[in-house]
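Engineer: This structure is in structure tokens; I'll ask about it shortly.
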Amino acid sequence: MVSLWVVQIHASFTFGADADFLENDIRVKPDLDALGSLGDQGWYCIRAILWAANYELPKTVLASREPVLNQAGVLLSCGASLYWEDGKVATFHCSFLSNLTMDISAVGTKGTLHVHDFIIPYEEKEASFYAASESSFDELVTRWASQPSKHTIKHDLPQEALMVREFSCMVAEIKFNNSKPEKLWPTISRKTQLVLDAVKASIERGFEPVQIQE
């Protein structure tokens with residue numbers, strides 16, 4: 001019997017920044033946001049990968065060679081590969097120098113998931129994803145036997161409003177019901193930062209593998 005699990009994940013977040021952004025935005029200034037594209041776009045990619053991996057940290061991180069840096073040494077484009085002990089592999093690419101892309105793909109032993117707008121949706125109050133399971137070809141191998149199905153989730157509020165509402169509810173629970181602070185968000189934020197720091201360390205060490213330590 002074959003076990004069911006995610007075996008490969010890829011995420012990308014890119015946009016073509018204009019000349020003013022590349023010259024003046026805080027994300028390209030070493031004394032403001034020195035992590036550049038990695039700290040901005042890479043954060044979203046890493047968080048999405050961890051989500052697909054059920055927030056299990058990878059064992060090893062290896063940055064991709066030939067990242068692009070500006071004259072001040074801030075990353076404008078980079079990527080990395082993440083490796084888990086169970087054989088799972090993830091890659092991501094982030095860049096201020098490429099066309100707008102916000103994709104994540106997760107491939108499992110029995111299915112696939114594709115999201116093409118996982119950060120800012122195409123439409124403000126709805127988001128879609130494509131899923132497929134046990135895909136195959138037709139008998140003559142001229143087409144797919146079944147295509148991935150599209151699923152659209154609609155809401156009366158945009159995601160930014162939902163985020164504020166979620167935060168407000170957590171604060172209210174603490175203030176009025178004596179609840180303890182929610183541990184989920186700080187936990188996954190810390191894990192995201194651990195991976196991001198490991199990517200940066202791999203770049204600085206000449207693209208050597210970096211082991212993640214919790």
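Note on naming: chains are A, B, ... as they come in the structure tokens, residues start from 1 per chain, ligands start from 1 in the order shown.
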What are the nearest atom pairs, with distances in Å to one decimal, for all residues of segment 5-119 of chain A that come at most 9 Å from segment 188-202 of chain A, using only C-alpha atoms, set out by chain and rising residue number as a Markdown table?

Structural biologist:
```
| residue | atom | partner | partner_atom | distance |
| --- | --- | --- | --- | --- |
| A:Leu35 | CA | A:Lys200 | CA | 8.1 |
| A:Leu38 | CA | A:Leu196 | CA | 7.3 |
| A:Gly39 | CA | A:Leu196 | CA | 7.4 |
| A:Gly42 | CA | A:Leu196 | CA | 7.4 |
| A:Trp43 | CA | A:Thr192 | CA | 6.8 |
| A:Tyr44 | CA | A:Thr192 | CA | 8.8 |
| A:Ile46 | CA | A:Thr192 | CA | 6.1 |
| A:Arg47 | CA | A:Thr192 | CA | 5.7 |
| A:Leu50 | CA | A:Thr192 | CA | 7.5 |
| A:Trp51 | CA | A:Ile188 | CA | 8.9 |
| A:Tyr55 | CA | A:Ile188 | CA | 6.9 |
| A:Glu56 | CA | A:Lys191 | CA | 8.6 |
| A:Leu57 | CA | A:Lys191 | CA | 6.9 |
| A:Pro58 | CA | A:Val195 | CA | 8.0 |
| A:Thr60 | CA | A:Ala198 | CA | 8.5 |
| A:Val61 | CA | A:Val199 | CA | 6.2 |
| A:Leu62 | CA | A:Ser202 | CA | 6.0 |
| A:Ala63 | CA | A:Val199 | CA | 5.5 |
| A:Ser64 | CA | A:Ser202 | CA | 8.8 |
| A:Gly79 | CA | A:Val199 | CA | 8.2 |
| A:Ala80 | CA | A:Val199 | CA | 6.7 |
| A:Ser81 | CA | A:Val199 | CA | 8.8 |
| A:Leu82 | CA | A:Val195 | CA | 8.7 |
```

Engineer: Write out as a PyMOL selection string all residues of segment 23-193 of chain A that DSSP puts in strand (DSSP E or B) for this structure's backbone.

Structural biologist: chain A and resi 60-63+68-69+75-83+89-95+97-108+111-115+117+123+126-133+137+144+149-154

Engineer: Can you pull out every residue within 7 Å of Lys88 of chain A, counting only C-alpha atoms, but drop anything in the same chain fewer than 6 positions away, and send it as a JSON list (two decimals) with C-alpha atoms, in the first residue's frame?

Structural biologist:
```json
[["chain", "number", "residue", "atom", "x", "y", "z"],
["A", 6, "VAL", "CA", 3.01, 15.73, -0.33],
["A", 7, "VAL", "CA", 6.27, 15.10, -2.15],
["A", 8, "GLN", "CA", 6.98, 18.36, -4.00]]
```

Engineer: Nearest residue to Phe92 of chain A out of A:Phe21, A:Pro148, A:Gln41, A:Ser136, using only C-alpha atoms?

Structural biologist: A:Gln41

Engineer: Quick one: everything within 10 Å of Gln147 of chain A, counting only C-alpha atoms, minus sequence neighbours fewer than 2 positions away in the same chain. Send it as a PyMOL selection string.

Structural biologist: chain A and resi 130-133+135-137+143-145+149-150

Engineer: For those residues, write N, CA, C and O atoms to a file as a short mmCIF file (atom, residue, chain, number, x, y, z; two decimals), in the first residue's frame.

Structural biologist:
```
data_model
loop_
_atom_site.label_atom_id
_atom_site.label_comp_id
_atom_site.auth_asym_id
_atom_site.auth_seq_id
_atom_site.Cartn_x
_atom_site.Cartn_y
_atom_site.Cartn_z
N TYR A 130 -7.10 25.00 -8.07
CA TYR A 130 -7.32 23.86 -8.94
C TYR A 130 -6.80 22.61 -8.25
O TYR A 130 -5.68 22.60 -7.72
N ALA A 131 -7.59 21.56 -8.27
CA ALA A 131 -7.21 20.31 -7.61
C ALA A 131 -7.46 19.14 -8.54
O ALA A 131 -8.38 19.15 -9.37
N ALA A 132 -6.62 18.14 -8.41
CA ALA A 132 -6.78 16.92 -9.20
C ALA A 132 -6.35 15.74 -8.34
O ALA A 132 -5.49 15.87 -7.46
N SER A 133 -6.96 14.59 -8.58
CA SER A 133 -6.58 13.39 -7.84
C SER A 133 -6.53 12.20 -8.79
O SER A 133 -7.35 12.07 -9.69
N SER A 135 -4.77 11.50 -11.34
CA SER A 135 -4.84 11.90 -12.75
C SER A 135 -4.19 10.85 -13.65
O SER A 135 -3.27 10.13 -13.24
N SER A 136 -4.66 10.82 -14.89
CA SER A 136 -4.10 9.84 -15.85
C SER A 136 -4.36 10.34 -17.27
O SER A 136 -5.07 11.32 -17.49
N PHE A 137 -3.76 9.61 -18.25
CA PHE A 137 -4.01 9.90 -19.66
C PHE A 137 -5.16 9.05 -20.17
O PHE A 137 -5.58 8.08 -19.52
N ARG A 143 -4.51 12.89 -24.51
CA ARG A 143 -5.06 13.93 -23.64
C ARG A 143 -5.21 13.37 -22.23
O ARG A 143 -5.06 12.16 -22.01
N TRP A 144 -5.51 14.26 -21.30
CA TRP A 144 -5.76 13.82 -19.93
C TRP A 144 -7.14 13.15 -19.86
O TRP A 144 -8.09 13.59 -20.51
N ALA A 145 -7.24 12.12 -19.07
CA ALA A 145 -8.53 11.46 -18.89
C ALA A 145 -9.50 12.37 -18.14
O ALA A 145 -10.71 12.36 -18.40
N SER A 149 -10.04 20.15 -11.39
CA SER A 149 -11.28 20.87 -11.15
C SER A 149 -11.00 22.21 -10.48
O SER A 149 -10.11 22.32 -9.63
N LYS A 150 -11.73 23.23 -10.86
CA LYS A 150 -11.58 24.57 -10.30
C LYS A 150 -12.58 24.76 -9.17
O LYS A 150 -13.76 24.45 -9.30
#
```

Engineer: Using DSSP on the backbone coordinates, identify the residues of segment 4-135 of chain A assigned to alpha helix (DSSP H); present them as a PyMOL selection string.

Structural biologist: chain A and resi 19-24+36-37+43-52
